[in-house]
Amino acid sequence: MSAVLDLQGVTVRRGTTTILDGVHWQVNEGERWVVLGPNGAGKTTLLQILAARSHPTAGTAELLGERLGRVDVFELRPRIGFASAALADRIPGHETVRDVVLTAAYGVTGRWQETYEEFDEQRAKDLLAAFDVADLVDRYYGTLSEGERKRVQIARSLMTDPEILLLDEPAAGLDLAGREELVGALSELAADPASPVLVLVTHHVEEIPPGFTHLMLMNRGGIQAAGPIHEVLTADNLSQAFGTPLMVAHGGGRWLARAARPAGR
Ligand SMILES: Nc1ncnc2c1ncn2[C@@H]1O[C@H](COP(=O)(O)OP(=O)(O)OP(=O)(O)O)[C@@H](O)[C@H]1O
């Protein structure tokens with residue numbers, strides 16, 4: 001069985017700066033990955049490659065068996081769901097929630113003159129229901145709370161029934177209740193065998209939904225450690241990646257991290 005994502009020596013340079021430095025990484029069918037790392041580690045740059053929105057400067061990236069540089073990215077992108085703050089910023093505030101989700105079928109963010117089948121309409125409704133926002137279907141996107149927007153964005157990213165789903169900091173900006181609801185929804189997504197391969201980027205171990213199976217810890221454009229989450233998410237690995245002594249605890253399917261030495265001592 002070939003890997004769903006296969007990066008071999010992926011390097012990204014911008015000018016004289018090396019942002020990703022020889023990344024080797026494989027993701028297989030059924031896996032649910034968290035990518036964790038400090039500011040500037042290269043997480044967003046990595047996701048841009050995985051979303052077929054950027055090419056490596058060196059090395060090879062195979063997404064769904066297709067090598068970047070040898071494939072029409074416009075055919076590849078609908079097979080890869082992607083939700084990020086940058087994409088969300090392009091959604092017009094006057095778009096209805098229904099259209100925000102529906103327009104993903106054409107890979108656009110504003111409804112124009114496309115026609116949609118009843119099948120598309122039903123799928124959009126089902127996805128909104130799956131993320132508990134079905135009752136918002138006629139609301140304008142610009143009137144939603146941040147938590148509601150995040151759920152709509154994830155529903156949108158699943159509209160094309162992708163084989164990979166990339167989520168860039170989905171809990172950023174949410175309050176505690178909003179974060180917990182989103183973590184619950186993502187945990188259900190992770191548990192569903194019909195879900196695509198999931199890759200979730202975050203800065204915080206508290207945002208890792210139960211059911212995520214693997215972790216890649218990034219640091220300075222490289223991989224600090226990668227593998228099954230219970231092997232990789234250790235105090236030593238986390239402390240090295242974030243450059244400060246940290247402790248890690250696990251319970252009830254959730255993770256928690258804090259300074260190894262309590263503040264003030
Ligand atoms: N076009 C560019 N030219 C020069 N440097 C860049 C460019 N794009 C990104 N960088 C640098 O590459 C590094 C990695 O950026 P990236 O956004 O991938 O990190 P990140 O892990 O997503 O960070 P954060 O957690 O803060 O979002 C940063 O130091 C950033 O300043």
# chains A, B, ... in the order shown; residues from 1 in each chain; ligands from 1
>>> residues_around(residues="Glu163 (chain A)", least_positions_apart="6", cutoff="12 Å", atoms="only C-alpha atoms", output="list in words")
Val4, Leu5, Asn28, Glu29, Gly30, Glu31, Ala51, Leu63, Leu64, Gly65, Leu76, Arg77, Pro78, Arg79, Ile80, Gly81, Phe82, Ser157, Pro193, Ala194, Ser195, Pro196, Val197, Leu198 and Val199 of chain A
>>> residues_around(residues="Ala130 (chain A)", least_positions_apart="2", cutoff="10 Å", atoms="only C-alpha atoms", output="PyMOL selection string")
chain A and resi 124-128+132-134+151+155+185+188-189
>>> write_last_selection(atoms="N, CA and C atoms", output="PDB file, in the first residue's frame")
ATOM      1  N   ALA A 124     -24.179  19.642   1.535  1.00  0.00           N
ATOM      2  CA  ALA A 124     -23.847  20.824   2.342  1.00  0.00           C
ATOM      3  C   ALA A 124     -24.666  20.815   3.633  1.00  0.00           C
ATOM      4  N   LYS A 125     -25.957  20.491   3.517  1.00  0.00           N
ATOM      5  CA  LYS A 125     -26.812  20.463   4.719  1.00  0.00           C
ATOM      6  C   LYS A 125     -26.333  19.390   5.695  1.00  0.00           C
ATOM      7  N   ASP A 126     -26.002  18.215   5.160  1.00  0.00           N
ATOM      8  CA  ASP A 126     -25.553  17.113   6.021  1.00  0.00           C
ATOM      9  C   ASP A 126     -24.265  17.483   6.764  1.00  0.00           C
ATOM     10  N   LEU A 127     -23.352  18.147   6.059  1.00  0.00           N
ATOM     11  CA  LEU A 127     -22.079  18.521   6.695  1.00  0.00           C
ATOM     12  C   LEU A 127     -22.309  19.566   7.778  1.00  0.00           C
ATOM     13  N   LEU A 128     -23.192  20.519   7.506  1.00  0.00           N
ATOM     14  CA  LEU A 128     -23.491  21.530   8.537  1.00  0.00           C
ATOM     15  C   LEU A 128     -24.119  20.854   9.749  1.00  0.00           C
ATOM     16  N   ASP A 132     -23.078  20.503  13.817  1.00  0.00           N
ATOM     17  CA  ASP A 132     -24.037  21.173  14.719  1.00  0.00           C
ATOM     18  C   ASP A 132     -24.322  22.620  14.360  1.00  0.00           C
ATOM     19  N   VAL A 133     -24.249  22.959  13.082  1.00  0.00           N
ATOM     20  CA  VAL A 133     -24.544  24.337  12.687  1.00  0.00           C
ATOM     21  C   VAL A 133     -25.603  24.378  11.578  1.00  0.00           C
ATOM     22  N   ALA A 134     -26.427  23.314  11.509  1.00  0.00           N
ATOM     23  CA  ALA A 134     -27.458  23.237  10.460  1.00  0.00           C
ATOM     24  C   ALA A 134     -28.436  24.405  10.555  1.00  0.00           C
ATOM     25  N   ARG A 151     -16.572  25.968  12.524  1.00  0.00           N
ATOM     26  CA  ARG A 151     -17.314  24.747  12.162  1.00  0.00           C
ATOM     27  C   ARG A 151     -17.765  24.804  10.713  1.00  0.00           C
ATOM     28  N   ALA A 155     -16.812  22.241   7.697  1.00  0.00           N
ATOM     29  CA  ALA A 155     -17.850  21.648   6.839  1.00  0.00           C
ATOM     30  C   ALA A 155     -17.526  21.938   5.375  1.00  0.00           C
ATOM     31  N   ALA A 185     -16.028  17.755  18.190  1.00  0.00           N
ATOM     32  CA  ALA A 185     -16.432  17.498  16.793  1.00  0.00           C
ATOM     33  C   ALA A 185     -15.285  16.839  16.017  1.00  0.00           C
ATOM     34  N   GLU A 188     -14.935  13.180  16.938  1.00  0.00           N
ATOM     35  CA  GLU A 188     -15.907  12.336  16.217  1.00  0.00           C
ATOM     36  C   GLU A 188     -15.453  12.089  14.787  1.00  0.00           C
ATOM     37  N   LEU A 189     -14.926  13.137  14.169  1.00  0.00           N
ATOM     38  CA  LEU A 189     -14.417  12.989  12.796  1.00  0.00           C
ATOM     39  C   LEU A 189     -13.276  11.966  12.767  1.00  0.00           C
TER      40      LEU A 189
END
>>> atom_distance(atom1="CA of Gln8 (chain A)", atom2="CA of Lys43 (chain A)")
16.4 Å
>>> select_by_dssp(residues="region 9-251 of chain A", states="strand (DSSP E)", output="PDB file with N, CA and C atoms, in the first residue's frame")
ATOM      1  N   GLY A   9      12.972  14.364   1.703  1.00  0.00           N
ATOM      2  CA  GLY A   9      13.960  15.450   1.670  1.00  0.00           C
ATOM      3  C   GLY A   9      13.381  16.793   1.254  1.00  0.00           C
ATOM      4  N   VAL A  10      12.151  17.059   1.666  1.00  0.00           N
ATOM      5  CA  VAL A  10      11.504  18.305   1.228  1.00  0.00           C
ATOM      6  C   VAL A  10      12.165  19.526   1.885  1.00  0.00           C
ATOM      7  N   THR A  11      12.648  20.393   1.033  1.00  0.00           N
ATOM      8  CA  THR A  11      13.306  21.619   1.468  1.00  0.00           C
ATOM      9  C   THR A  11      12.601  22.795   0.807  1.00  0.00           C
ATOM     10  N   VAL A  12      12.368  23.846   1.601  1.00  0.00           N
ATOM     11  CA  VAL A  12      11.789  25.070   1.038  1.00  0.00           C
ATOM     12  C   VAL A  12      12.705  26.218   1.421  1.00  0.00           C
ATOM     13  N   ARG A  13      13.180  26.943   0.397  1.00  0.00           N
ATOM     14  CA  ARG A  13      14.006  28.138   0.654  1.00  0.00           C
ATOM     15  C   ARG A  13      13.306  29.355   0.090  1.00  0.00           C
ATOM     16  N   ARG A  14      13.396  30.427   0.827  1.00  0.00           N
ATOM     17  CA  ARG A  14      12.912  31.721   0.327  1.00  0.00           C
ATOM     18  C   ARG A  14      14.080  32.677   0.448  1.00  0.00           C
ATOM     19  N   THR A  17      16.870  32.208   3.138  1.00  0.00           N
ATOM     20  CA  THR A  17      16.333  31.533   4.333  1.00  0.00           C
ATOM     21  C   THR A  17      15.855  30.131   3.982  1.00  0.00           C
ATOM     22  N   THR A  18      16.283  29.149   4.773  1.00  0.00           N
ATOM     23  CA  THR A  18      15.777  27.783   4.606  1.00  0.00           C
ATOM     24  C   THR A  18      14.642  27.594   5.610  1.00  0.00           C
ATOM     25  N   ILE A  19      13.433  27.411   5.097  1.00  0.00           N
ATOM     26  CA  ILE A  19      12.247  27.338   5.973  1.00  0.00           C
ATOM     27  C   ILE A  19      11.927  25.886   6.335  1.00  0.00           C
ATOM     28  N   LEU A  20      12.042  25.003   5.358  1.00  0.00           N
ATOM     29  CA  LEU A  20      11.941  23.556   5.636  1.00  0.00           C
ATOM     30  C   LEU A  20      13.254  22.938   5.179  1.00  0.00           C
ATOM     31  N   ASP A  21      13.783  22.032   6.002  1.00  0.00           N
ATOM     32  CA  ASP A  21      15.135  21.549   5.751  1.00  0.00           C
ATOM     33  C   ASP A  21      15.166  20.022   5.672  1.00  0.00           C
ATOM     34  N   GLY A  22      14.948  19.499   4.490  1.00  0.00           N
ATOM     35  CA  GLY A  22      15.099  18.055   4.266  1.00  0.00           C
ATOM     36  C   GLY A  22      14.114  17.211   5.050  1.00  0.00           C
ATOM     37  N   VAL A  23      12.835  17.529   4.935  1.00  0.00           N
ATOM     38  CA  VAL A  23      11.808  16.813   5.712  1.00  0.00           C
ATOM     39  C   VAL A  23      11.451  15.470   5.040  1.00  0.00           C
ATOM     40  N   HIS A  24      11.591  14.399   5.802  1.00  0.00           N
ATOM     41  CA  HIS A  24      11.152  13.062   5.375  1.00  0.00           C
ATOM     42  C   HIS A  24       9.941  12.692   6.227  1.00  0.00           C
ATOM     43  N   TRP A  25       8.840  12.340   5.580  1.00  0.00           N
ATOM     44  CA  TRP A  25       7.616  12.072   6.359  1.00  0.00           C
ATOM     45  C   TRP A  25       6.655  11.263   5.508  1.00  0.00           C
ATOM     46  N   GLN A  26       6.047  10.273   6.133  1.00  0.00           N
ATOM     47  CA  GLN A  26       5.035   9.479   5.431  1.00  0.00           C
ATOM     48  C   GLN A  26       3.772   9.393   6.257  1.00  0.00           C
ATOM     49  N   VAL A  27       2.646   9.505   5.588  1.00  0.00           N
ATOM     50  CA  VAL A  27       1.342   9.377   6.229  1.00  0.00           C
ATOM     51  C   VAL A  27       0.551   8.319   5.481  1.00  0.00           C
ATOM     52  N   ARG A  32      -4.421   9.727  11.754  1.00  0.00           N
ATOM     53  CA  ARG A  32      -4.866  11.071  12.141  1.00  0.00           C
ATOM     54  C   ARG A  32      -3.673  11.747  12.806  1.00  0.00           C
ATOM     55  N   TRP A  33      -3.084  12.725  12.127  1.00  0.00           N
ATOM     56  CA  TRP A  33      -1.835  13.332  12.578  1.00  0.00           C
ATOM     57  C   TRP A  33      -2.050  14.712  13.190  1.00  0.00           C
ATOM     58  N   VAL A  34      -1.264  14.988  14.218  1.00  0.00           N
ATOM     59  CA  VAL A  34      -1.138  16.339  14.750  1.00  0.00           C
ATOM     60  C   VAL A  34       0.265  16.820  14.393  1.00  0.00           C
ATOM     61  N   VAL A  35       0.357  18.057  13.914  1.00  0.00           N
ATOM     62  CA  VAL A  35       1.664  18.685  13.688  1.00  0.00           C
ATOM     63  C   VAL A  35       1.772  19.812  14.708  1.00  0.00           C
ATOM     64  N   LEU A  36       2.771  19.677  15.578  1.00  0.00           N
ATOM     65  CA  LEU A  36       2.893  20.592  16.719  1.00  0.00           C
ATOM     66  C   LEU A  36       4.284  21.218  16.682  1.00  0.00           C
ATOM     67  N   ALA A  58      13.595  21.765  -3.084  1.00  0.00           N
ATOM     68  CA  ALA A  58      14.349  20.529  -3.335  1.00  0.00           C
ATOM     69  C   ALA A  58      13.615  19.384  -2.648  1.00  0.00           C
ATOM     70  N   GLY A  59      13.907  18.163  -3.108  1.00  0.00           N
ATOM     71  CA  GLY A  59      13.216  16.991  -2.562  1.00  0.00           C
ATOM     72  C   GLY A  59      11.919  16.735  -3.322  1.00  0.00           C
ATOM     73  N   THR A  60      11.209  15.671  -2.914  1.00  0.00           N
ATOM     74  CA  THR A  60       9.970  15.326  -3.621  1.00  0.00           C
ATOM     75  C   THR A  60       8.814  15.218  -2.639  1.00  0.00           C
ATOM     76  N   ALA A  61       7.638  15.653  -3.105  1.00  0.00           N
ATOM     77  CA  ALA A  61       6.412  15.543  -2.311  1.00  0.00           C
ATOM     78  C   ALA A  61       5.384  14.801  -3.152  1.00  0.00           C
ATOM     79  N   GLU A  62       4.982  13.623  -2.689  1.00  0.00           N
ATOM     80  CA  GLU A  62       3.912  12.873  -3.360  1.00  0.00           C
ATOM     81  C   GLU A  62       2.658  12.956  -2.523  1.00  0.00           C
ATOM     82  N   LEU A  63       1.592  13.482  -3.114  1.00  0.00           N
ATOM     83  CA  LEU A  63       0.302  13.614  -2.440  1.00  0.00           C
ATOM     84  C   LEU A  63      -0.668  12.698  -3.169  1.00  0.00           C
ATOM     85  N   GLU A  66       0.522  11.284  -6.353  1.00  0.00           N
ATOM     86  CA  GLU A  66       0.881  12.208  -7.448  1.00  0.00           C
ATOM     87  C   GLU A  66       2.030  13.096  -6.990  1.00  0.00           C
ATOM     88  N   ARG A  67       3.044  13.204  -7.834  1.00  0.00           N
ATOM     89  CA  ARG A  67       4.200  13.995  -7.435  1.00  0.00           C
ATOM     90  C   ARG A  67       4.025  15.468  -7.818  1.00  0.00           C
ATOM     91  N   ILE A  80      -8.082  17.299  -1.709  1.00  0.00           N
ATOM     92  CA  ILE A  80      -7.430  17.668  -0.441  1.00  0.00           C
ATOM     93  C   ILE A  80      -8.230  18.799   0.205  1.00  0.00           C
ATOM     94  N   GLY A  81      -8.913  18.512   1.307  1.00  0.00           N
ATOM     95  CA  GLY A  81      -9.650  19.549   2.028  1.00  0.00           C
ATOM     96  C   GLY A  81      -8.667  20.382   2.831  1.00  0.00           C
ATOM     97  N   PHE A  82      -8.919  21.685   2.910  1.00  0.00           N
ATOM     98  CA  PHE A  82      -7.971  22.572   3.580  1.00  0.00           C
ATOM     99  C   PHE A  82      -8.751  23.670   4.284  1.00  0.00           C
ATOM    100  N   ALA A  83      -8.543  23.822   5.567  1.00  0.00           N
ATOM    101  CA  ALA A  83      -9.174  24.918   6.301  1.00  0.00           C
ATOM    102  C   ALA A  83      -8.073  25.690   7.024  1.00  0.00           C
ATOM    103  N   ILE A 164      -7.832  13.702   1.923  1.00  0.00           N
ATOM    104  CA  ILE A 164      -6.990  14.246   3.002  1.00  0.00           C
ATOM    105  C   ILE A 164      -7.685  15.504   3.497  1.00  0.00           C
ATOM    106  N   LEU A 165      -7.667  15.717   4.803  1.00  0.00           N
ATOM    107  CA  LEU A 165      -8.188  16.974   5.350  1.00  0.00           C
ATOM    108  C   LEU A 165      -7.091  17.644   6.171  1.00  0.00           C
ATOM    109  N   LEU A 166      -6.739  18.876   5.796  1.00  0.00           N
ATOM    110  CA  LEU A 166      -5.701  19.645   6.484  1.00  0.00           C
ATOM    111  C   LEU A 166      -6.359  20.765   7.274  1.00  0.00           C
ATOM    112  N   LEU A 167      -6.059  20.833   8.554  1.00  0.00           N
ATOM    113  CA  LEU A 167      -6.677  21.853   9.416  1.00  0.00           C
ATOM    114  C   LEU A 167      -5.563  22.669  10.063  1.00  0.00           C
ATOM    115  N   ASP A 168      -5.477  23.951   9.702  1.00  0.00           N
ATOM    116  CA  ASP A 168      -4.413  24.807  10.225  1.00  0.00           C
ATOM    117  C   ASP A 168      -4.940  25.594  11.424  1.00  0.00           C
ATOM    118  N   VAL A 197      -7.852  11.013   5.696  1.00  0.00           N
ATOM    119  CA  VAL A 197      -6.649  11.183   6.514  1.00  0.00           C
ATOM    120  C   VAL A 197      -6.671  12.607   7.054  1.00  0.00           C
ATOM    121  N   LEU A 198      -6.363  12.757   8.353  1.00  0.00           N
ATOM    122  CA  LEU A 198      -6.439  14.093   8.970  1.00  0.00           C
ATOM    123  C   LEU A 198      -5.039  14.577   9.357  1.00  0.00           C
ATOM    124  N   VAL A 199      -4.770  15.849   9.086  1.00  0.00           N
ATOM    125  CA  VAL A 199      -3.534  16.494   9.548  1.00  0.00           C
ATOM    126  C   VAL A 199      -3.934  17.814  10.185  1.00  0.00           C
ATOM    127  N   LEU A 200      -3.711  17.917  11.487  1.00  0.00           N
ATOM    128  CA  LEU A 200      -4.138  19.092  12.252  1.00  0.00           C
ATOM    129  C   LEU A 200      -2.917  19.811  12.816  1.00  0.00           C
ATOM    130  N   VAL A 201      -2.785  21.088  12.489  1.00  0.00           N
ATOM    131  CA  VAL A 201      -1.660  21.884  13.001  1.00  0.00           C
ATOM    132  C   VAL A 201      -2.113  22.665  14.218  1.00  0.00           C
ATOM    133  N   THR A 202      -1.302  22.639  15.257  1.00  0.00           N
ATOM    134  CA  THR A 202      -1.630  23.421  16.460  1.00  0.00           C
ATOM    135  C   THR A 202      -0.355  23.780  17.216  1.00  0.00           C
ATOM    136  N   HIS A 214      -1.204  10.027  15.590  1.00  0.00           N
ATOM    137  CA  HIS A 214       0.218  10.270  15.354  1.00  0.00           C
ATOM    138  C   HIS A 214       0.551  11.743  15.596  1.00  0.00           C
ATOM    139  N   LEU A 215       1.820  11.977  15.873  1.00  0.00           N
ATOM    140  CA  LEU A 215       2.281  13.341  16.122  1.00  0.00           C
ATOM    141  C   LEU A 215       3.598  13.595  15.398  1.00  0.00           C
ATOM    142  N   MET A 216       3.664  14.756  14.750  1.00  0.00           N
ATOM    143  CA  MET A 216       4.942  15.241  14.232  1.00  0.00           C
ATOM    144  C   MET A 216       5.288  16.494  15.018  1.00  0.00           C
ATOM    145  N   LEU A 217       6.448  16.463  15.657  1.00  0.00           N
ATOM    146  CA  LEU A 217       6.920  17.637  16.401  1.00  0.00           C
ATOM    147  C   LEU A 217       7.931  18.356  15.520  1.00  0.00           C
ATOM    148  N   MET A 218       7.636  19.615  15.207  1.00  0.00           N
ATOM    149  CA  MET A 218       8.531  20.377  14.322  1.00  0.00           C
ATOM    150  C   MET A 218       9.341  21.378  15.123  1.00  0.00           C
ATOM    151  N   ASN A 219      10.507  21.654  14.615  1.00  0.00           N
ATOM    152  CA  ASN A 219      11.360  22.649  15.237  1.00  0.00           C
ATOM    153  C   ASN A 219      12.339  23.154  14.196  1.00  0.00           C
ATOM    154  N   GLY A 222      12.606  21.552  10.720  1.00  0.00           N
ATOM    155  CA  GLY A 222      12.859  20.118  10.646  1.00  0.00           C
ATOM    156  C   GLY A 222      11.920  19.352  11.555  1.00  0.00           C
ATOM    157  N   ILE A 223      12.062  18.020  11.536  1.00  0.00           N
ATOM    158  CA  ILE A 223      11.235  17.176  12.395  1.00  0.00           C
ATOM    159  C   ILE A 223      12.040  16.817  13.636  1.00  0.00           C
ATOM    160  N   GLN A 224      11.498  17.206  14.770  1.00  0.00           N
ATOM    161  CA  GLN A 224      12.130  16.850  16.052  1.00  0.00           C
ATOM    162  C   GLN A 224      11.875  15.377  16.351  1.00  0.00           C
ATOM    163  N   ALA A 225      10.638  14.947  16.117  1.00  0.00           N
ATOM    164  CA  ALA A 225      10.248  13.548  16.334  1.00  0.00           C
ATOM    165  C   ALA A 225       8.914  13.341  15.637  1.00  0.00           C
ATOM    166  N   ALA A 226       8.676  12.108  15.166  1.00  0.00           N
ATOM    167  CA  ALA A 226       7.395  11.817  14.512  1.00  0.00           C
ATOM    168  C   ALA A 226       7.062  10.355  14.704  1.00  0.00           C
ATOM    169  N   GLY A 227       5.777  10.074  14.942  1.00  0.00           N
ATOM    170  CA  GLY A 227       5.365   8.683  15.109  1.00  0.00           C
ATOM    171  C   GLY A 227       4.089   8.600  15.925  1.00  0.00           C
ATOM    172  N   PRO A 228       3.778   7.395  16.461  1.00  0.00           N
ATOM    173  CA  PRO A 228       2.569   7.244  17.274  1.00  0.00           C
ATOM    174  C   PRO A 228       2.577   8.244  18.433  1.00  0.00           C
ATOM    175  N   LEU A 246       9.447  21.420  29.976  1.00  0.00           N
ATOM    176  CA  LEU A 246       7.993  21.253  30.043  1.00  0.00           C
ATOM    177  C   LEU A 246       7.656  19.892  30.623  1.00  0.00           C
ATOM    178  N   MET A 247       6.487  19.789  31.225  1.00  0.00           N
ATOM    179  CA  MET A 247       5.970  18.486  31.641  1.00  0.00           C
ATOM    180  C   MET A 247       4.690  18.218  30.859  1.00  0.00           C
ATOM    181  N   VAL A 248       4.400  16.936  30.667  1.00  0.00           N
ATOM    182  CA  VAL A 248       3.230  16.531  29.877  1.00  0.00           C
ATOM    183  C   VAL A 248       2.402  15.565  30.699  1.00  0.00           C
ATOM    184  N   ALA A 249       1.093  15.729  30.659  1.00  0.00           N
ATOM    185  CA  ALA A 249       0.203  14.767  31.321  1.00  0.00           C
ATOM    186  C   ALA A 249      -0.872  14.333  30.331  1.00  0.00           C
ATOM    187  N   HIS A 250      -1.399  13.134  30.547  1.00  0.00           N
ATOM    188  CA  HIS A 250      -2.422  12.578  29.668  1.00  0.00           C
ATOM    189  C   HIS A 250      -3.512  11.958  30.520  1.00  0.00           C
ATOM    190  N   GLY A 251      -4.781  12.253  30.181  1.00  0.00           N
ATOM    191  CA  GLY A 251      -5.886  11.629  30.915  1.00  0.00           C
ATOM    192  C   GLY A 251      -7.189  11.882  30.196  1.00  0.00           C
TER     193      GLY A 251
END
>>> residues_near_ligand(ligand="ligand 1", cutoff="7 Å", atoms="only C-alpha atoms and all ligand atoms", output="MDAnalysis selection string")
chainID A and resid 14:15 17 19 37:46 203 221
>>> write_last_selection(atoms="C-alpha atoms", output="CSV table (one decimal), in the first residue's frame")
chain,number,residue,atom,x,y,z
A,14,ARG,CA,12.9,31.7,0.3
A,15,GLY,CA,15.8,33.9,-0.6
A,17,THR,CA,16.3,31.5,4.3
A,19,ILE,CA,12.2,27.3,6.0
A,37,GLY,CA,5.7,23.1,17.1
A,38,PRO,CA,6.7,26.6,18.2
A,39,ASN,CA,6.1,29.8,16.2
A,40,GLY,CA,8.2,29.9,13.1
A,41,ALA,CA,8.9,26.1,13.1
A,42,GLY,CA,7.6,25.8,9.5
A,43,LYS,CA,4.2,24.3,10.1
A,44,THR,CA,2.3,26.6,7.7
A,45,THR,CA,4.9,26.2,5.1
A,46,LEU,CA,4.6,22.4,5.4
A,203,HIS,CA,0.6,25.1,19.0
A,221,GLY,CA,12.2,23.7,9.7
>>> select_by_dssp(residues="region 70-257 of chain A", states="helix (DSSP H, G or I)", output="JSON, numbers by chain")
{"A": [73, 74, 75, 76, 77, 78, 79, 85, 86, 87, 88, 97, 98, 99, 100, 101, 102, 103, 104, 105, 106, 118, 119, 120, 121, 122, 123, 124, 125, 126, 127, 128, 129, 130, 134, 135, 136, 141, 142, 143, 146, 147, 148, 149, 150, 151, 152, 153, 154, 155, 156, 157, 176, 177, 178, 179, 180, 181, 182, 183, 184, 185, 186, 187, 188, 189, 190, 191, 205, 206, 207, 229, 230, 231, 232, 235, 236, 237, 238, 239, 240, 241, 242]}
>>> atom_distance(atom1="CA of Gly147 (chain A)", atom2="CA of Leu174 (chain A)")
5.9 Å
>>> residues_around(residues="Glu207 (chain A)", least_positions_apart="4", cutoff="8 Å", atoms="only C-alpha atoms", output="CSV table (one decimal) with N, CA and C atoms, in the first residue's frame")
chain,number,residue,atom,x,y,z
A,171,ALA,N,-8.5,25.7,16.3
A,171,ALA,CA,-9.1,26.2,17.5
A,171,ALA,C,-8.6,27.6,17.9
A,179,ARG,N,-13.6,26.0,22.0
A,179,ARG,CA,-12.5,25.1,21.8
A,179,ARG,C,-13.0,23.6,22.1
A,183,VAL,N,-13.1,20.5,19.7
A,183,VAL,CA,-12.3,19.3,19.9
A,183,VAL,C,-13.2,18.1,19.9
A,202,THR,N,-1.3,22.6,15.3
A,202,THR,CA,-1.6,23.4,16.5
A,202,THR,C,-0.4,23.8,17.2
A,255,TRP,N,-4.6,15.8,26.4
A,255,TRP,CA,-3.2,16.1,26.8
A,255,TRP,C,-3.1,17.4,27.5
